[in-house]
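Participant: I am sharing structure_38.cif, which consists of mmCIF, C-alpha atoms:
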data_coords
loop_
_atom_site.label_atom_id
_atom_site.label_comp_id
_atom_site.auth_asym_id
_atom_site.auth_seq_id
_atom_site.Cartn_x
_atom_site.Cartn_y
_atom_site.Cartn_z
CA MET A 1 -11.40 90.42 97.58
CA THR A 2 -13.03 89.86 100.97
CA SER A 3 -13.65 92.69 103.42
CA THR A 4 -10.99 91.22 105.73
CA ALA A 5 -8.43 91.21 102.93
CA CYS A 6 -9.37 94.77 102.02
CA ARG A 7 -8.77 95.86 105.60
CA ARG A 8 -5.38 94.15 105.63
CA VAL A 9 -4.36 95.89 102.39
CA ALA A 10 -5.55 99.24 103.75
CA LYS A 11 -3.55 98.68 106.93
CA LEU A 12 -0.41 97.85 104.94
CA GLU A 13 -0.84 100.93 102.76
CA SER A 14 -1.36 103.18 105.77
CA ALA A 15 1.68 101.84 107.69
CA LEU A 16 5.00 102.07 105.86
CA HIS A 17 8.60 102.60 106.92
CA PRO A 18 10.34 105.82 105.74
CA ARG A 19 11.86 104.51 102.51
CA GLU A 20 8.73 102.60 101.50
CA ALA A 21 6.51 105.57 102.34
CA VAL A 22 8.60 107.98 100.27
CA LEU A 23 8.88 105.53 97.36
CA ALA A 24 5.11 105.07 97.41
CA TRP A 25 4.75 108.85 97.07
CA LEU A 26 7.47 109.04 94.42
CA VAL A 27 6.02 106.33 92.17
CA GLU A 28 2.67 108.10 92.20
CA ALA A 29 4.18 111.57 91.78
CA GLN A 30 6.33 110.50 88.82
CA GLN A 31 3.16 109.96 86.81
CA PHE A 32 3.34 113.73 86.31
CA PRO A 33 5.84 115.03 83.70
CA SER A 34 7.60 117.29 86.20
CA LEU A 35 7.91 118.02 89.89
CA GLU A 36 6.29 121.38 89.21
CA ASP A 37 3.24 119.70 87.68
CA HIS A 38 3.00 117.41 90.68
CA VAL A 39 3.17 120.36 93.08
CA ARG A 40 0.39 122.09 91.17
CA SER A 41 -1.75 118.99 91.52
CA VAL A 42 -1.51 118.98 95.32
CA VAL A 43 -1.36 122.69 96.12
CA GLU A 44 -5.12 122.90 96.69
CA LEU A 45 -5.33 119.76 98.80
CA PRO A 46 -6.02 120.00 102.53
CA VAL A 47 -2.94 119.80 104.76
CA GLU A 48 -3.68 116.22 105.83
CA ALA A 49 -3.66 115.10 102.18
CA ALA A 50 -0.35 116.79 101.29
CA PRO A 51 2.56 114.44 100.46
CA LEU A 52 4.56 115.13 103.62
CA SER A 53 1.48 114.64 105.78
CA VAL A 54 0.66 111.32 104.11
CA ILE A 55 4.27 110.15 104.40
CA GLY A 56 4.38 111.19 108.05
CA ASP A 57 1.13 109.40 108.87
CA ARG A 58 2.27 106.19 107.19
CA VAL A 59 5.64 106.24 108.93
CA GLU A 60 4.12 106.99 112.32
CA ALA A 61 1.60 104.17 111.94
CA ALA A 62 4.36 101.70 111.04
CA VAL A 63 6.51 102.66 114.02
CA ARG A 64 3.64 102.59 116.50
CA ASP A 65 2.53 99.20 115.22
CA ALA A 66 6.07 97.79 115.50
CA LEU A 67 6.66 99.19 119.01
CA LYS A 68 3.16 99.06 120.46
CA ARG A 69 4.27 97.24 123.63
CA ARG A 70 7.28 99.48 124.31
CA PRO A 71 7.39 102.43 126.76
CA ARG A 72 5.70 105.58 125.51
CA ASP A 73 8.92 107.64 125.53
CA THR A 74 10.64 105.00 123.43
CA ILE A 75 7.79 105.00 120.93
CA GLU A 76 7.65 108.79 120.65
CA ALA A 77 11.41 109.04 120.12
CA ALA A 78 11.28 106.33 117.45
CA VAL A 79 8.37 108.06 115.73
CA ARG A 80 10.24 111.34 115.60
CA ARG A 81 13.39 109.70 114.21
CA ALA A 82 11.43 107.80 111.57
CA MET A 83 9.45 110.87 110.54
CA GLY A 84 12.71 112.78 110.30
CA ASP A 85 14.07 110.07 108.01
CA GLY A 86 10.95 110.32 105.87
CA ILE A 87 11.26 114.10 105.56
CA PHE A 88 14.95 113.75 104.67
CA LEU A 89 14.24 111.23 101.91
CA PHE A 90 11.37 113.31 100.54
CA THR A 91 13.61 116.39 100.53
CA LEU A 92 16.52 114.50 98.98
CA ALA A 93 14.32 113.41 96.07
CA ILE A 94 13.37 117.04 95.47
CA VAL A 95 17.00 118.21 95.77
CA LEU A 96 18.17 115.63 93.22
CA ASN A 97 15.52 116.72 90.73
CA ALA A 98 16.31 120.40 91.21
CA GLU A 99 20.05 119.80 90.85
CA ALA A 100 19.64 117.68 87.72
CA LEU A 101 17.69 120.51 86.09
CA GLU A 102 20.03 123.25 87.28
CA VAL A 103 23.28 121.48 86.43
CA SER A 104 22.06 120.40 82.99
CA LYS A 105 20.98 124.00 82.33
CA VAL A 106 24.23 125.67 83.44
CA GLU A 107 26.59 123.01 82.13
CA GLY A 108 24.50 122.81 78.97
CA LEU A 109 25.19 126.48 78.30
CA ARG A 110 28.91 125.82 78.76
CA ALA A 111 28.71 122.88 76.37
CA ALA A 112 26.89 124.99 73.77
CA ALA A 113 29.54 127.71 74.11
CA THR A 114 32.23 125.07 73.66
CA PHE A 115 30.63 123.97 70.38
CA TYR A 116 30.63 127.62 69.26
CA TRP A 117 34.27 127.97 70.34
CA MET A 118 35.15 124.92 68.25
CA GLY A 119 33.49 126.55 65.24
CA CYS A 120 35.56 129.70 65.74
CA LEU A 121 38.78 127.68 65.87
CA LEU A 122 37.82 125.77 62.75
CA GLY A 123 36.90 128.98 60.94
CA GLY A 124 40.25 130.68 61.39
CA PRO A 125 42.84 131.24 58.62
CA ARG A 126 44.79 128.32 57.19
CA ALA A 127 48.44 128.22 58.12
CA GLY A 128 49.30 127.54 54.48
CA ASP A 129 47.78 130.88 53.49
CA LEU A 130 50.07 132.84 55.83
CA PRO A 131 53.69 133.92 55.37
CA PRO A 132 56.12 131.31 56.80
CA ASP A 133 57.13 133.38 59.86
CA GLU A 134 53.49 134.15 60.72
CA ALA A 135 52.41 130.56 60.02
CA LYS A 136 54.80 129.21 62.67
CA THR A 137 53.47 131.58 65.32
CA TYR A 138 49.89 130.88 64.24
CA ARG A 139 50.36 127.11 64.53
CA ARG A 140 51.78 127.49 68.05
CA GLU A 141 48.96 129.76 69.17
CA LEU A 142 46.30 127.58 67.54
CA ALA A 143 47.75 124.51 69.24
CA GLY A 144 47.45 126.29 72.58
CA CYS A 145 43.83 127.25 71.84
CA TRP A 146 42.90 123.68 70.95
CA SER A 147 44.61 122.47 74.11
CA GLN A 148 42.51 124.87 76.18
CA TRP A 149 39.36 123.83 74.30
CA ARG A 150 40.02 120.17 74.98
CA ALA A 151 40.66 120.93 78.64
CA VAL A 152 37.21 122.52 78.85
CA VAL A 153 35.69 119.47 77.16
CA ASP A 154 37.47 117.28 79.71
CA ARG A 155 36.00 119.34 82.53
CA LEU A 156 32.49 119.09 81.08
CA SER A 157 32.89 115.34 80.76
CA LEU A 158 34.28 115.03 84.29
CA ASN A 159 31.48 117.13 85.80
CA ALA A 160 28.82 115.07 84.02
CA ARG A 161 30.39 111.84 85.22
CA VAL A 162 30.68 113.03 88.82
CA GLU A 163 27.11 114.33 88.88
CA GLY A 164 25.68 111.16 87.37
CA GLU A 165 27.64 108.82 89.65
CA ALA A 166 26.82 110.88 92.75
CA ARG A 167 23.09 110.76 92.03
CA ALA A 168 23.25 107.02 91.27
CA ARG A 169 25.05 106.40 94.55
CA LEU A 170 22.45 108.34 96.52
CA GLU A 171 19.66 106.48 94.74
CA ARG A 172 21.23 103.16 95.67
CA GLU A 173 21.90 104.13 99.28
CA PHE A 174 18.65 105.86 100.14
CA PHE A 175 16.06 104.75 97.55
CA GLY A 176 16.99 101.15 96.90
CA GLY A 177 18.21 102.04 93.41
CA HIS A 178 14.91 103.63 92.35
CA ASP A 179 15.31 106.44 89.79
CA VAL A 180 14.17 109.61 91.55
CA LEU A 181 14.07 111.93 88.54
CA PHE A 182 10.82 113.16 87.05
CA ALA A 183 10.50 112.98 83.27
CA ASP A 184 11.56 116.58 82.62
CA ALA A 185 14.70 116.33 84.76
CA SER A 186 15.59 112.96 83.26
CA GLU A 187 15.20 114.24 79.69
CA SER A 188 17.13 117.42 80.44
CA TRP A 189 19.99 115.49 82.00
CA ALA A 190 20.08 112.92 79.20
CA GLY A 191 20.22 115.73 76.62
CA HIS A 192 23.15 117.34 78.41
CA VAL A 193 25.05 114.05 78.68
CA ASP A 194 24.49 113.42 74.97
CA MET A 195 25.91 116.86 74.11
CA VAL A 196 28.96 116.30 76.29
CA GLU A 197 29.55 112.87 74.78
CA ARG A 198 29.43 114.38 71.29
CA LEU A 199 32.00 117.00 72.32
CA THR A 200 34.19 114.31 73.85
CA GLY A 201 33.98 112.26 70.67
CA LEU A 202 35.03 115.27 68.60
CA ALA A 203 37.90 116.06 70.96
CA GLU A 204 39.17 112.49 70.65
CA ALA A 205 38.77 112.44 66.86
CA PHE A 206 40.30 115.80 65.95
CA VAL A 207 43.99 115.85 65.07
CA LEU A 208 44.08 119.31 63.56
CA VAL A 209 47.42 120.79 64.56
CA ASP A 210 50.80 119.74 65.90
CA GLU A 211 50.41 120.02 69.66
CA ALA A 212 54.11 119.57 70.41
CA GLU A 213 54.41 123.21 71.47
CA ALA A 214 51.03 123.35 73.22
CA PRO A 215 50.82 123.30 77.04
CA LEU A 216 49.81 120.07 78.76
CA ARG A 217 46.04 119.95 79.09
CA SER A 218 44.08 119.38 82.26
CA PRO A 219 40.40 119.97 83.03
CA VAL A 220 39.89 123.69 83.51
CA GLY A 221 38.83 124.72 87.02
CA VAL A 222 39.39 121.23 88.47
CA ASP A 223 41.80 120.16 91.19
CA VAL A 224 43.92 117.68 89.22
CA GLY A 225 45.08 116.09 92.47
CA ALA A 226 41.59 114.89 93.39
CA SER A 227 40.48 111.48 92.16
CA ILE A 228 37.13 110.73 90.56
CA GLU A 229 36.16 108.86 93.70
CA ASP A 230 36.99 111.87 95.89
CA ARG A 231 34.94 114.19 93.70
CA VAL A 232 31.97 111.83 93.69
CA ALA A 233 32.18 111.41 97.48
CA ASP A 234 32.30 115.19 97.96
CA ARG A 235 29.29 115.68 95.70
CA VAL A 236 27.34 112.93 97.48
CA ALA A 237 28.07 114.55 100.84
CA ARG A 238 27.03 118.00 99.62
CA LEU A 239 23.74 116.84 98.10
CA ALA A 240 22.88 114.81 101.21
CA ASP A 241 23.76 117.77 103.44
CA ASP A 242 21.54 120.08 101.37
CA ALA A 243 18.65 117.70 101.98
CA ARG A 244 19.47 117.37 105.69
CA VAL A 245 19.54 121.15 106.15
CA ARG A 246 16.09 121.51 104.59
CA ALA A 247 14.76 118.54 106.56
CA TYR A 248 15.99 119.99 109.87
CA GLU A 249 14.42 123.32 109.02
CA THR A 250 11.12 121.57 108.28
CA LEU A 251 11.34 119.79 111.64
CA GLY A 252 12.05 123.07 113.42
CA GLU A 253 15.55 121.91 114.39
CA ARG A 254 17.41 124.91 113.02
CA PRO A 255 20.53 124.52 115.24
CA LYS A 256 21.29 121.18 113.55
CA ALA A 257 20.93 122.81 110.14
CA VAL A 258 23.29 125.59 111.22
CA GLN A 259 25.85 123.03 112.39
CA ILE A 260 25.94 121.47 108.94
CA MET A 261 26.42 124.85 107.26
CA GLU A 262 29.16 125.82 109.73
CA ARG A 263 30.98 122.56 109.05
CA ARG A 264 30.72 123.17 105.32
CA LEU A 265 32.14 126.67 105.67
CA LYS A 266 35.10 125.37 107.70
CA ILE A 267 35.86 122.71 105.11
CA GLY A 268 35.50 125.26 102.32
#
Could I get this file's structure written as structure tokens?
Facilitator:
Amino acid sequence: MTSTACRRVAKLESALHPREAVLAWLVEAQQFPSLEDHVRSVVELPVEAAPLSVIGDRVEAAVRDALKRRPRDTIEAAVRRAMGDGIFLFTLAIVLNAEALEVSKVEGLRAAATFYWMGCLLGGPRAGDLPPDEAKTYRRELAGCWSQWRAVVDRLSLNARVEGEARARLEREFFGGHDVLFADASESWAGHVDMVERLTGLAEAFVLVDEAEAPLRSPVGVDVGASIEDRVADRVARLADDARVRAYETLGERPKAVQIMERRLKIG
């Protein structure tokens, strides 16, 4: 490669728009097994070599190059907006990784408890071993327990679907469909989804008792009036807002972060 070509490549690498700048960081960072490992690798670097600094420099260079003949105020305003976009995208990638780990951990504990609950229900007495009057009551109560168990399985399945679709939507909208998860978050989430799918398969396969007297089942702790689309949209908005709040705080624009939190509190 000639020296002229090398300079052109260097210029392209040093001048990127927000999404491209953040994706360039993300592709490199995802070579590490976890976000924590990546952070450890850069913690000793000088400030100018830190990820946010590099992203900011690349974004600023791209904007200044694109608007070099515009008025200075216009350029500075555009630089600030673009750098804000870069910080938001960087923060959103971190938020999505943190949430994938946290949700898979908490929901994974619920899924494990649901497996244990299933074992307890399976390990109970057989109706045929009980006196007729007790057997009738036992069947009714057991049917109710299985109905509650299946409702919990439904909720686990619904939560996993909403979380997965919300993250996929944010990846499409803000990262051009690029997978933002580091290896540890991806593996943790995949393991949780696999556990939930196994529970769902068991719930669909089991026909253990007559459920005629059992209450109608619905996902526990879920507003049955809300559609899947509504739940996904709400989750997308919350995750994006979490990233915006952190981005505004990084930019020193705390009033804007407070406005988002106040709006969230009013909505409930």
Participant: Record the distance separating CA of Arg244 (chain A) and CA of Ala185 (chain A), expressed in Å with one decimal.
Facilitator: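 Distance between the two atoms: 21.5 Å.
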Participant: Where does the PyMOL selection byres ((chain A and resi 51) around 10) land in this file, that is, which residues does it pick, as an mmCIF file with C-alpha atoms, keeping the file's coordinate frame?
Facilitator:
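Result saved to out.cif:
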data_model
loop_
_atom_site.group_PDB
_atom_site.id
_atom_site.type_symbol
_atom_site.label_atom_id
_atom_site.label_comp_id
_atom_site.auth_asym_id
_atom_site.auth_seq_id
_atom_site.Cartn_x
_atom_site.Cartn_y
_atom_site.Cartn_z
ATOM 1 C CA ALA A 21 6.510 105.570 102.340
ATOM 2 C CA VAL A 22 8.600 107.980 100.270
ATOM 3 C CA TRP A 25 4.750 108.850 97.070
ATOM 4 C CA LEU A 26 7.470 109.040 94.420
ATOM 5 C CA ALA A 29 4.180 111.570 91.780
ATOM 6 C CA VAL A 39 3.170 120.360 93.080
ATOM 7 C CA VAL A 42 -1.510 118.980 95.320
ATOM 8 C CA LEU A 45 -5.330 119.760 98.800
ATOM 9 C CA VAL A 47 -2.940 119.800 104.760
ATOM 10 C CA GLU A 48 -3.680 116.220 105.830
ATOM 11 C CA ALA A 49 -3.660 115.100 102.180
ATOM 12 C CA ALA A 50 -0.350 116.790 101.290
ATOM 13 C CA LEU A 52 4.560 115.130 103.620
ATOM 14 C CA SER A 53 1.480 114.640 105.780
ATOM 15 C CA VAL A 54 0.660 111.320 104.110
ATOM 16 C CA ILE A 55 4.270 110.150 104.400
ATOM 17 C CA GLY A 56 4.380 111.190 108.050
ATOM 18 C CA ASP A 57 1.130 109.400 108.870
ATOM 19 C CA PHE A 90 11.370 113.310 100.540
#
Participant: Write out as a PyMOL selection string the residues lying within 6 Å of Ala15 (chain A), counting only C-alpha atoms and excluding same-chain residues fewer than 5 positions away.
Facilitator: chain A and resi 58+61-62
Participant: Can you spell out as a count of residues only the set of residues that the PyMOL selection byres ((chain A and resi 181) around 12) selects in the structure I just provided?
Facilitator: 37
Participant: Using all atoms listed in the file, pick whichever of A:Glu44, A:Ala160, A:Ala151, A:Gly86 has the shortest atom-to-atom distance to Thr250 (chain A).
Facilitator: A:Gly86
Participant: Find the residues near Met118 (chain A): any atom within 10 Å, counting all atoms listed in the file, skip ones fewer than 4 places away on the same chain, and give them as a list in words.
Facilitator: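 The contact residues come out as Ala112, Ala113, Thr114, Leu122, Gly123, Cys145, Trp146, Trp149, Arg150, Leu199, Leu202 and Ala203 of chain A.
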Participant: Please measure the separation of CA of Gly252 (chain A) and CA of Ala240 (chain A), giving the value in Å to one decimal.
Facilitator: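 So the answer is 18.3 Å.
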Participant: Work out how far apart CA of Val59 (chain A) and CA of Arg235 (chain A) are and give it in Å to one decimal.
Facilitator: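 Between CA of Val59 (chain A) and CA of Arg235 (chain A) the gap is 28.7 Å.
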Participant: Between A:Val245, A:Ala24, A:Ala237, A:Ala166, which residue has the minimum interatomic distance to Glu262 (chain A), considering all atoms listed in the file?
Facilitator: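 Residue with the minimum atom-to-atom distance to Glu262 (chain A): A:Val245.
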Participant: With distances taken over only C-alpha atoms, which residue among A:Asp234, A:Glu229, A:Glu102, A:Glu20 lies nearest Asp85 (chain A)?
Facilitator: A:Glu20
Participant: Point out the residue among A:Arg140, A:Arg81, A:Arg110, A:His17 with the least atom-to-atom distance to Val152 (chain A), counting all atoms listed in the file.
Facilitator: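 Of A:Arg140, A:Arg81, A:Arg110, A:His17, the one nearest Val152 (chain A) is A:Arg110, counting all atoms listed in the file.
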Participant: Using only C-alpha atoms for the distances, tell me which of A:Val162, A:Gly84, A:Glu36, A:Asp194 is nearest to Ser227 (chain A).
Facilitator: A:Val162
Participant: From the list A:Glu141, A:Asp154, A:Asp230, A:Glu253, which residue is nearest Arg80 (chain A) when using all atoms listed in the file?
Facilitator: A:Glu253
